[in-house]
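Q: Supplied in structure tokens, the structure appears directly below.
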Number of protein chains: 2
Amino acid sequence: MSTKAEARQRQILAAAASCFARKGFHQTTMDDICREVQLSPGSVYRYYRSKEAIIAAFVEDDSRDLSELLQHVSQQPDLWQGLDWLIDQLLAAISSPLYAELSAEIGAETMHNPAIAALVRQSDQANLQALIEVFRLAQQRGQLSATLDLASTANLIIALIDGLTWRKGLYPDDDLSSYATSIKSMIKQLLSA
Amino acid sequence: MSTKAEARQRQILAAAASCFARKGFHQTTMDDICREVQLSPGSVYRYYRSKEAIIAAFVEDDSRDLSELLQHVSQQPDLWQGLDWLIDQLLAAISSPLYAELSAEIGAETMHNPAIAALVRQSDQANLQALIEVFRLAQQRGQLSATLDLASTANLIIALIDGLTWRKGLYPDDDLSSYATSIKSMIKQLLSA
């Protein structure tokens, strides 16, 4: 895809995020998004045919970002250093503007829109499997107990990050990095069980 | 309030929860709720003048339930037994039908409805303070370090529960009680820091 098309898509997504955060997914129209991004409907529909397609793009972007972080962690020889780095990256990501608001909108939409739910579950499962793979490699290196329940552990870590995302939306002024040390220590405990 | 009025309110709330979970908050009308509960608009409006009033009732009910649990924990002489009991109760509560779906709807509404946001923050702060009070009493009994950052610890525990609620909505068939032991161990670690 050309750089120009990518730039245009990023513009549209940023405008949509801003509309969804302000008015909510259901009260935002495609017209609102066109006005916000100052493009004609034709230019917007060329990339995204519906609000659902925009939500799908957000889910895919988010999943790709997390997948790249997990790929990097899986290449680190030391699990604990890799995880500490991952937590810092995730706290920064969920603190970025509109991220928490958008996550809440997508969360609600997931509950009663089967197409969005399928997409969110698919990307969540991919991330979960990638985190489990990080732990499996660490088991092979003898850094984690061979009897650890990897799926359950990965689920709890992702639940904690999801919960922090929701709380960042509720308290936008909170500095999530102040929790970093406690979170790293909780996760070490979970992995040492 | 009479028992009959209370029963009627519970009926209306259950019907509303079912509508919100099926169609989402914004796509549900007061008429949908009247039809679902098989009552006349007059009977419903007598208790709840708007969908916002219904959401407010959910938030208040949920906050009162949690407040009662925390009240019970604060009366237990042993912090660890009290917390283990609390975790089991919370996992059961967030596993109850429609709870996760409703939480996601309220979460999204919180992001762009200042009245709902104020209510959710107020009840969240009350719960947070009640949990901090449980820890403060345990500090007085010498069960927790006097230097522990109680606010940060309480925030992380609530974030974990919030995240598990969201994941229960995403995977309704998941059995959250299977995480109980790991969660209790994570929280012990957090409190022993």
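Naming works like this for the structure tokens: A, B, ... for the chains as they're shown, residue 1 at the start of each chain, ligands 1 onward in shown order.
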Mind listing as a PyMOL selection string which residues of chain A are within 6 Å of chain B, counting only C-alpha atoms?
A: chain A and resi 22-23+101+104-105+107-108+111-112+159-160+162-164+186+190
Q: Would you save the residues from that selection as a PDB file, in the first residue's frame, using N, CA and C atoms?
A:
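To be explicit, this is the file written out as again-v9.pdb:
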ATOM      1  N   ARG A  22     -15.955  11.016  21.836  1.00  0.00           N
ATOM      2  CA  ARG A  22     -16.777  12.156  22.230  1.00  0.00           C
ATOM      3  C   ARG A  22     -18.259  11.779  22.313  1.00  0.00           C
ATOM      4  N   LYS A  23     -18.743  11.035  21.306  1.00  0.00           N
ATOM      5  CA  LYS A  23     -20.187  10.782  21.211  1.00  0.00           C
ATOM      6  C   LYS A  23     -20.563   9.326  21.411  1.00  0.00           C
ATOM      7  N   GLU A 101     -10.751   5.202  25.853  1.00  0.00           N
ATOM      8  CA  GLU A 101     -12.121   5.510  25.430  1.00  0.00           C
ATOM      9  C   GLU A 101     -12.546   4.572  24.289  1.00  0.00           C
ATOM     10  N   ALA A 104     -13.193   1.025  25.440  1.00  0.00           N
ATOM     11  CA  ALA A 104     -14.491   0.867  26.097  1.00  0.00           C
ATOM     12  C   ALA A 104     -15.605   0.763  25.052  1.00  0.00           C
ATOM     13  N   GLU A 105     -15.531   1.583  23.995  1.00  0.00           N
ATOM     14  CA  GLU A 105     -16.537   1.506  22.934  1.00  0.00           C
ATOM     15  C   GLU A 105     -16.503   0.145  22.240  1.00  0.00           C
ATOM     16  N   GLY A 107     -15.337  -2.574  23.483  1.00  0.00           N
ATOM     17  CA  GLY A 107     -15.777  -3.570  24.461  1.00  0.00           C
ATOM     18  C   GLY A 107     -17.287  -3.711  24.467  1.00  0.00           C
ATOM     19  N   ALA A 108     -18.001  -2.588  24.495  1.00  0.00           N
ATOM     20  CA  ALA A 108     -19.463  -2.644  24.520  1.00  0.00           C
ATOM     21  C   ALA A 108     -19.990  -3.228  23.209  1.00  0.00           C
ATOM     22  N   MET A 111     -20.115  -6.960  22.846  1.00  0.00           N
ATOM     23  CA  MET A 111     -21.117  -7.736  23.578  1.00  0.00           C
ATOM     24  C   MET A 111     -22.356  -8.039  22.743  1.00  0.00           C
ATOM     25  N   HIS A 112     -22.637  -7.200  21.718  1.00  0.00           N
ATOM     26  CA  HIS A 112     -23.872  -7.483  20.976  1.00  0.00           C
ATOM     27  C   HIS A 112     -23.707  -7.367  19.463  1.00  0.00           C
ATOM     28  N   ALA A 159      -5.768  -9.871  31.572  1.00  0.00           N
ATOM     29  CA  ALA A 159      -6.897  -9.296  32.334  1.00  0.00           C
ATOM     30  C   ALA A 159      -6.450  -8.059  33.113  1.00  0.00           C
ATOM     31  N   LEU A 160      -5.259  -8.128  33.711  1.00  0.00           N
ATOM     32  CA  LEU A 160      -4.769  -6.978  34.482  1.00  0.00           C
ATOM     33  C   LEU A 160      -4.562  -5.773  33.574  1.00  0.00           C
ATOM     34  N   ASP A 162      -6.060  -5.234  30.666  1.00  0.00           N
ATOM     35  CA  ASP A 162      -7.400  -4.789  30.245  1.00  0.00           C
ATOM     36  C   ASP A 162      -8.054  -3.949  31.346  1.00  0.00           C
ATOM     37  N   GLY A 163      -7.918  -4.383  32.590  1.00  0.00           N
ATOM     38  CA  GLY A 163      -8.523  -3.644  33.703  1.00  0.00           C
ATOM     39  C   GLY A 163      -7.878  -2.277  33.883  1.00  0.00           C
ATOM     40  N   LEU A 164      -6.555  -2.216  33.694  1.00  0.00           N
ATOM     41  CA  LEU A 164      -5.870  -0.920  33.805  1.00  0.00           C
ATOM     42  C   LEU A 164      -6.301   0.016  32.682  1.00  0.00           C
ATOM     43  N   MET A 186       3.867  -8.436  40.781  1.00  0.00           N
ATOM     44  CA  MET A 186       2.719  -9.364  40.739  1.00  0.00           C
ATOM     45  C   MET A 186       2.935 -10.440  39.689  1.00  0.00           C
ATOM     46  N   LEU A 190       3.237 -14.546  39.954  1.00  0.00           N
ATOM     47  CA  LEU A 190       2.351 -15.436  39.195  1.00  0.00           C
ATOM     48  C   LEU A 190       3.183 -16.482  38.437  1.00  0.00           C
TER      49      LEU A 190
END
Q: Both chains have the same sequence, so superpose chain B on chain A over all Cα atoms paired in order and return it as a PDB file with C-alpha atoms, in the first residue's frame.
A:
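Result file is selection00.pdb:
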ATOM      1  CA  MET B   1      -0.004  -0.019   0.014  1.00  0.00           C
ATOM      2  CA  SER B   2       1.294   3.455  -0.833  1.00  0.00           C
ATOM      3  CA  THR B   3       2.474   5.731   1.920  1.00  0.00           C
ATOM      4  CA  LYS B   4      -0.151   8.269   0.869  1.00  0.00           C
ATOM      5  CA  ALA B   5      -2.977   5.752   1.290  1.00  0.00           C
ATOM      6  CA  GLU B   6      -1.598   4.743   4.675  1.00  0.00           C
ATOM      7  CA  ALA B   7      -1.403   8.367   5.811  1.00  0.00           C
ATOM      8  CA  ARG B   8      -4.999   8.908   4.675  1.00  0.00           C
ATOM      9  CA  GLN B   9      -6.159   5.825   6.593  1.00  0.00           C
ATOM     10  CA  ARG B  10      -4.374   7.004   9.738  1.00  0.00           C
ATOM     11  CA  GLN B  11      -6.085  10.398   9.381  1.00  0.00           C
ATOM     12  CA  ILE B  12      -9.504   8.787   9.073  1.00  0.00           C
ATOM     13  CA  LEU B  13      -8.908   6.462  12.029  1.00  0.00           C
ATOM     14  CA  ALA B  14      -7.746   9.357  14.221  1.00  0.00           C
ATOM     15  CA  ALA B  15     -10.847  11.356  13.317  1.00  0.00           C
ATOM     16  CA  ALA B  16     -13.103   8.367  13.977  1.00  0.00           C
ATOM     17  CA  ALA B  17     -11.440   7.716  17.343  1.00  0.00           C
ATOM     18  CA  SER B  18     -12.046  11.279  18.314  1.00  0.00           C
ATOM     19  CA  CYS B  19     -15.757  11.077  17.311  1.00  0.00           C
ATOM     20  CA  PHE B  20     -16.321   7.720  19.049  1.00  0.00           C
ATOM     21  CA  ALA B  21     -14.666   8.994  22.227  1.00  0.00           C
ATOM     22  CA  ARG B  22     -16.780  12.159  22.211  1.00  0.00           C
ATOM     23  CA  LYS B  23     -20.190  10.778  21.204  1.00  0.00           C
ATOM     24  CA  GLY B  24     -19.912   7.018  21.447  1.00  0.00           C
ATOM     25  CA  PHE B  25     -19.913   4.486  18.628  1.00  0.00           C
ATOM     26  CA  HIS B  26     -23.681   4.417  18.086  1.00  0.00           C
ATOM     27  CA  GLN B  27     -24.238   8.144  18.099  1.00  0.00           C
ATOM     28  CA  THR B  28     -21.417   8.774  15.615  1.00  0.00           C
ATOM     29  CA  THR B  29     -22.357   8.742  11.924  1.00  0.00           C
ATOM     30  CA  MET B  30     -20.073   8.283   8.922  1.00  0.00           C
ATOM     31  CA  ASP B  31     -20.945  11.925   8.120  1.00  0.00           C
ATOM     32  CA  ASP B  32     -19.543  13.008  11.508  1.00  0.00           C
ATOM     33  CA  ILE B  33     -16.302  11.214  10.668  1.00  0.00           C
ATOM     34  CA  CYS B  34     -16.105  12.828   7.191  1.00  0.00           C
ATOM     35  CA  ARG B  35     -16.613  16.263   8.738  1.00  0.00           C
ATOM     36  CA  GLU B  36     -14.036  15.615  11.466  1.00  0.00           C
ATOM     37  CA  VAL B  37     -11.361  14.496   8.984  1.00  0.00           C
ATOM     38  CA  GLN B  38     -12.439  17.139   6.395  1.00  0.00           C
ATOM     39  CA  LEU B  39     -12.679  14.633   3.563  1.00  0.00           C
ATOM     40  CA  SER B  40     -15.514  13.844   1.159  1.00  0.00           C
ATOM     41  CA  PRO B  41     -17.628  10.734   1.859  1.00  0.00           C
ATOM     42  CA  GLY B  42     -16.126   9.213  -1.315  1.00  0.00           C
ATOM     43  CA  SER B  43     -12.594   9.527   0.066  1.00  0.00           C
ATOM     44  CA  VAL B  44     -13.593   7.970   3.393  1.00  0.00           C
ATOM     45  CA  TYR B  45     -15.740   5.145   1.937  1.00  0.00           C
ATOM     46  CA  ARG B  46     -12.885   4.206  -0.381  1.00  0.00           C
ATOM     47  CA  TYR B  47     -11.038   2.883   2.682  1.00  0.00           C
ATOM     48  CA  TYR B  48     -13.821   2.155   5.185  1.00  0.00           C
ATOM     49  CA  ARG B  49     -17.314   1.195   4.117  1.00  0.00           C
ATOM     50  CA  SER B  50     -18.846   1.408   7.624  1.00  0.00           C
ATOM     51  CA  LYS B  51     -18.202   2.247  11.263  1.00  0.00           C
ATOM     52  CA  GLU B  52     -17.798  -1.504  11.807  1.00  0.00           C
ATOM     53  CA  ALA B  53     -14.937  -1.517   9.264  1.00  0.00           C
ATOM     54  CA  ILE B  54     -13.277   1.297  11.229  1.00  0.00           C
ATOM     55  CA  ILE B  55     -13.627  -0.631  14.508  1.00  0.00           C
ATOM     56  CA  ALA B  56     -12.163  -3.666  12.728  1.00  0.00           C
ATOM     57  CA  ALA B  57      -9.168  -1.556  11.645  1.00  0.00           C
ATOM     58  CA  PHE B  58      -8.611  -0.410  15.249  1.00  0.00           C
ATOM     59  CA  VAL B  59      -8.720  -3.983  16.542  1.00  0.00           C
ATOM     60  CA  GLU B  60      -6.297  -5.130  13.827  1.00  0.00           C
ATOM     61  CA  ASP B  61      -3.866  -2.232  14.411  1.00  0.00           C
ATOM     62  CA  ASP B  62      -3.881  -2.845  18.145  1.00  0.00           C
ATOM     63  CA  SER B  63      -3.343  -6.551  17.687  1.00  0.00           C
ATOM     64  CA  ARG B  64      -0.456  -5.977  15.258  1.00  0.00           C
ATOM     65  CA  ASP B  65       1.224  -3.552  17.692  1.00  0.00           C
ATOM     66  CA  LEU B  66       0.958  -6.051  20.557  1.00  0.00           C
ATOM     67  CA  SER B  67       2.136  -8.854  18.318  1.00  0.00           C
ATOM     68  CA  GLU B  68       5.292  -6.859  17.484  1.00  0.00           C
ATOM     69  CA  LEU B  69       5.969  -6.217  21.182  1.00  0.00           C
ATOM     70  CA  LEU B  70       5.556  -9.925  21.980  1.00  0.00           C
ATOM     71  CA  GLN B  71       7.775 -10.870  19.046  1.00  0.00           C
ATOM     72  CA  HIS B  72      10.493  -8.636  20.499  1.00  0.00           C
ATOM     73  CA  VAL B  73      10.080 -10.133  24.001  1.00  0.00           C
ATOM     74  CA  SER B  74      10.295 -13.682  22.645  1.00  0.00           C
ATOM     75  CA  GLN B  75      13.756 -12.835  21.234  1.00  0.00           C
ATOM     76  CA  GLN B  76      15.150 -11.645  24.591  1.00  0.00           C
ATOM     77  CA  PRO B  77      17.373 -14.224  26.314  1.00  0.00           C
ATOM     78  CA  ASP B  78      16.232 -13.055  29.760  1.00  0.00           C
ATOM     79  CA  LEU B  79      12.485 -13.530  30.370  1.00  0.00           C
ATOM     80  CA  TRP B  80      12.333 -11.102  33.314  1.00  0.00           C
ATOM     81  CA  GLN B  81      14.033  -8.238  31.489  1.00  0.00           C
ATOM     82  CA  GLY B  82      11.788  -8.887  28.501  1.00  0.00           C
ATOM     83  CA  LEU B  83       8.625  -8.835  30.630  1.00  0.00           C
ATOM     84  CA  ASP B  84       9.645  -5.656  32.468  1.00  0.00           C
ATOM     85  CA  TRP B  85      10.158  -3.977  29.088  1.00  0.00           C
ATOM     86  CA  LEU B  86       6.795  -5.315  27.867  1.00  0.00           C
ATOM     87  CA  ILE B  87       4.930  -3.931  30.896  1.00  0.00           C
ATOM     88  CA  ASP B  88       6.474  -0.476  30.385  1.00  0.00           C
ATOM     89  CA  GLN B  89       5.494  -0.561  26.694  1.00  0.00           C
ATOM     90  CA  LEU B  90       1.943  -1.687  27.447  1.00  0.00           C
ATOM     91  CA  LEU B  91       1.408   0.966  30.131  1.00  0.00           C
ATOM     92  CA  ALA B  92       2.610   3.617  27.661  1.00  0.00           C
ATOM     93  CA  ALA B  93       0.355   2.238  24.900  1.00  0.00           C
ATOM     94  CA  ILE B  94      -2.813   2.189  27.009  1.00  0.00           C
ATOM     95  CA  SER B  95      -1.984   5.718  28.234  1.00  0.00           C
ATOM     96  CA  SER B  96      -1.956   7.144  24.700  1.00  0.00           C
ATOM     97  CA  PRO B  97      -4.757   9.621  23.866  1.00  0.00           C
ATOM     98  CA  LEU B  98      -8.204   8.106  23.208  1.00  0.00           C
ATOM     99  CA  TYR B  99      -6.956   4.508  23.623  1.00  0.00           C
ATOM    100  CA  ALA B 100      -8.989   3.793  26.766  1.00  0.00           C
ATOM    101  CA  GLU B 101     -12.122   5.530  25.439  1.00  0.00           C
ATOM    102  CA  LEU B 102     -11.941   3.550  22.202  1.00  0.00           C
ATOM    103  CA  SER B 103     -11.342   0.288  24.050  1.00  0.00           C
ATOM    104  CA  ALA B 104     -14.493   0.880  26.107  1.00  0.00           C
ATOM    105  CA  GLU B 105     -16.541   1.519  22.939  1.00  0.00           C
ATOM    106  CA  ILE B 106     -15.148  -1.589  21.268  1.00  0.00           C
ATOM    107  CA  GLY B 107     -15.769  -3.558  24.474  1.00  0.00           C
ATOM    108  CA  ALA B 108     -19.456  -2.633  24.530  1.00  0.00           C
ATOM    109  CA  GLU B 109     -19.837  -3.272  20.801  1.00  0.00           C
ATOM    110  CA  THR B 110     -18.247  -6.699  21.272  1.00  0.00           C
ATOM    111  CA  MET B 111     -21.095  -7.723  23.590  1.00  0.00           C
ATOM    112  CA  HIS B 112     -23.854  -7.482  20.988  1.00  0.00           C
ATOM    113  CA  ASN B 113     -22.185  -7.363  17.577  1.00  0.00           C
ATOM    114  CA  PRO B 114     -21.173 -10.919  16.627  1.00  0.00           C
ATOM    115  CA  ALA B 115     -18.875  -9.772  13.776  1.00  0.00           C
ATOM    116  CA  ILE B 116     -16.904  -7.441  16.071  1.00  0.00           C
ATOM    117  CA  ALA B 117     -16.911 -10.082  18.828  1.00  0.00           C
ATOM    118  CA  ALA B 118     -15.438 -12.661  16.440  1.00  0.00           C
ATOM    119  CA  LEU B 119     -12.707 -10.236  15.408  1.00  0.00           C
ATOM    120  CA  VAL B 120     -11.852  -9.234  18.993  1.00  0.00           C
ATOM    121  CA  ARG B 121     -11.747 -12.881  20.113  1.00  0.00           C
ATOM    122  CA  GLN B 122      -9.557 -13.818  17.157  1.00  0.00           C
ATOM    123  CA  SER B 123      -7.027 -11.062  17.878  1.00  0.00           C
ATOM    124  CA  ASP B 124      -7.174 -11.744  21.624  1.00  0.00           C
ATOM    125  CA  GLN B 125      -6.461 -15.429  21.030  1.00  0.00           C
ATOM    126  CA  ALA B 126      -3.509 -14.566  18.757  1.00  0.00           C
ATOM    127  CA  ASN B 127      -2.041 -12.312  21.478  1.00  0.00           C
ATOM    128  CA  LEU B 128      -2.697 -14.912  24.168  1.00  0.00           C
ATOM    129  CA  GLN B 129      -0.945 -17.595  22.105  1.00  0.00           C
ATOM    130  CA  ALA B 130       2.022 -15.267  21.460  1.00  0.00           C
ATOM    131  CA  LEU B 131       2.369 -14.591  25.204  1.00  0.00           C
ATOM    132  CA  ILE B 132       2.101 -18.319  25.952  1.00  0.00           C
ATOM    133  CA  GLU B 133       4.866 -18.899  23.368  1.00  0.00           C
ATOM    134  CA  VAL B 134       7.106 -16.400  25.222  1.00  0.00           C
ATOM    135  CA  PHE B 135       6.552 -18.449  28.403  1.00  0.00           C
ATOM    136  CA  ARG B 136       7.079 -21.766  26.582  1.00  0.00           C
ATOM    137  CA  LEU B 137      10.469 -20.570  25.290  1.00  0.00           C
ATOM    138  CA  ALA B 138      11.389 -19.462  28.836  1.00  0.00           C
ATOM    139  CA  GLN B 139      10.410 -22.936  30.109  1.00  0.00           C
ATOM    140  CA  GLN B 140      12.780 -24.457  27.525  1.00  0.00           C
ATOM    141  CA  ARG B 141      15.570 -22.199  28.838  1.00  0.00           C
ATOM    142  CA  GLY B 142      14.764 -23.327  32.389  1.00  0.00           C
ATOM    143  CA  GLN B 143      13.573 -19.841  33.450  1.00  0.00           C
ATOM    144  CA  LEU B 144      10.061 -21.032  34.295  1.00  0.00           C
ATOM    145  CA  SER B 145       8.759 -24.156  36.005  1.00  0.00           C
ATOM    146  CA  ALA B 146       7.750 -26.863  33.535  1.00  0.00           C
ATOM    147  CA  THR B 147       4.476 -27.395  35.447  1.00  0.00           C
ATOM    148  CA  LEU B 148       3.260 -23.790  35.264  1.00  0.00           C
ATOM    149  CA  ASP B 149      -0.252 -23.405  33.766  1.00  0.00           C
ATOM    150  CA  LEU B 150       0.772 -21.094  30.913  1.00  0.00           C
ATOM    151  CA  ALA B 151      -2.722 -20.391  29.540  1.00  0.00           C
ATOM    152  CA  SER B 152      -4.135 -19.387  32.911  1.00  0.00           C
ATOM    153  CA  THR B 153      -1.088 -17.210  33.675  1.00  0.00           C
ATOM    154  CA  ALA B 154      -1.261 -15.433  30.308  1.00  0.00           C
ATOM    155  CA  ASN B 155      -5.008 -14.855  30.751  1.00  0.00           C
ATOM    156  CA  LEU B 156      -4.502 -13.181  34.139  1.00  0.00           C
ATOM    157  CA  ILE B 157      -1.751 -10.890  32.834  1.00  0.00           C
ATOM    158  CA  ILE B 158      -3.948  -9.787  29.940  1.00  0.00           C
ATOM    159  CA  ALA B 159      -6.897  -9.316  32.339  1.00  0.00           C
ATOM    160  CA  LEU B 160      -4.767  -6.999  34.483  1.00  0.00           C
ATOM    161  CA  ILE B 161      -3.771  -4.910  31.445  1.00  0.00           C
ATOM    162  CA  ASP B 162      -7.405  -4.804  30.253  1.00  0.00           C
ATOM    163  CA  GLY B 163      -8.530  -3.661  33.708  1.00  0.00           C
ATOM    164  CA  LEU B 164      -5.873  -0.926  33.818  1.00  0.00           C
ATOM    165  CA  THR B 165      -7.063   0.257  30.392  1.00  0.00           C
ATOM    166  CA  TRP B 166     -10.597   0.616  31.711  1.00  0.00           C
ATOM    167  CA  ARG B 167      -9.386   2.490  34.794  1.00  0.00           C
ATOM    168  CA  LYS B 168      -7.303   4.840  32.639  1.00  0.00           C
ATOM    169  CA  GLY B 169     -10.536   5.719  30.815  1.00  0.00           C
ATOM    170  CA  LEU B 170     -12.272   6.337  34.138  1.00  0.00           C
ATOM    171  CA  TYR B 171      -9.386   8.430  35.515  1.00  0.00           C
ATOM    172  CA  PRO B 172      -7.611   9.982  32.501  1.00  0.00           C
ATOM    173  CA  ASP B 173      -5.206  11.932  34.745  1.00  0.00           C
ATOM    174  CA  ASP B 174      -3.860   8.803  36.487  1.00  0.00           C
ATOM    175  CA  ASP B 175      -0.207   8.084  35.771  1.00  0.00           C
ATOM    176  CA  LEU B 176      -0.146   4.335  35.075  1.00  0.00           C
ATOM    177  CA  SER B 177       3.661   4.216  35.147  1.00  0.00           C
ATOM    178  CA  SER B 178       3.418   4.652  38.931  1.00  0.00           C
ATOM    179  CA  TYR B 179       2.037   1.085  39.071  1.00  0.00           C
ATOM    180  CA  ALA B 180       4.853  -0.409  36.981  1.00  0.00           C
ATOM    181  CA  THR B 181       6.944  -1.776  39.856  1.00  0.00           C
ATOM    182  CA  SER B 182       3.951  -3.373  41.603  1.00  0.00           C
ATOM    183  CA  ILE B 183       2.686  -4.899  38.369  1.00  0.00           C
ATOM    184  CA  LYS B 184       6.089  -6.406  37.538  1.00  0.00           C
ATOM    185  CA  SER B 185       6.254  -7.890  41.024  1.00  0.00           C
ATOM    186  CA  MET B 186       2.730  -9.379  40.753  1.00  0.00           C
ATOM    187  CA  ILE B 187       3.589 -10.971  37.428  1.00  0.00           C
ATOM    188  CA  LYS B 188       6.854 -12.417  38.770  1.00  0.00           C
ATOM    189  CA  GLN B 189       4.876 -13.959  41.614  1.00  0.00           C
ATOM    190  CA  LEU B 190       2.360 -15.437  39.195  1.00  0.00           C
ATOM    191  CA  LEU B 191       5.151 -16.937  37.095  1.00  0.00           C
ATOM    192  CA  SER B 192       7.020 -18.320  40.100  1.00  0.00           C
ATOM    193  CA  ALA B 193       4.002 -20.293  41.379  1.00  0.00           C
TER     194      ALA B 193
END
Q: Using DSSP on the backbone, list every residue of stretch 26-184 of chain B that comes out as helix (DSSP H, G or I), and give them as a PyMOL selection string.
A: chain B and resi 30-37+41-47+51-74+79-94+99-112+114-140+150-170+176-184
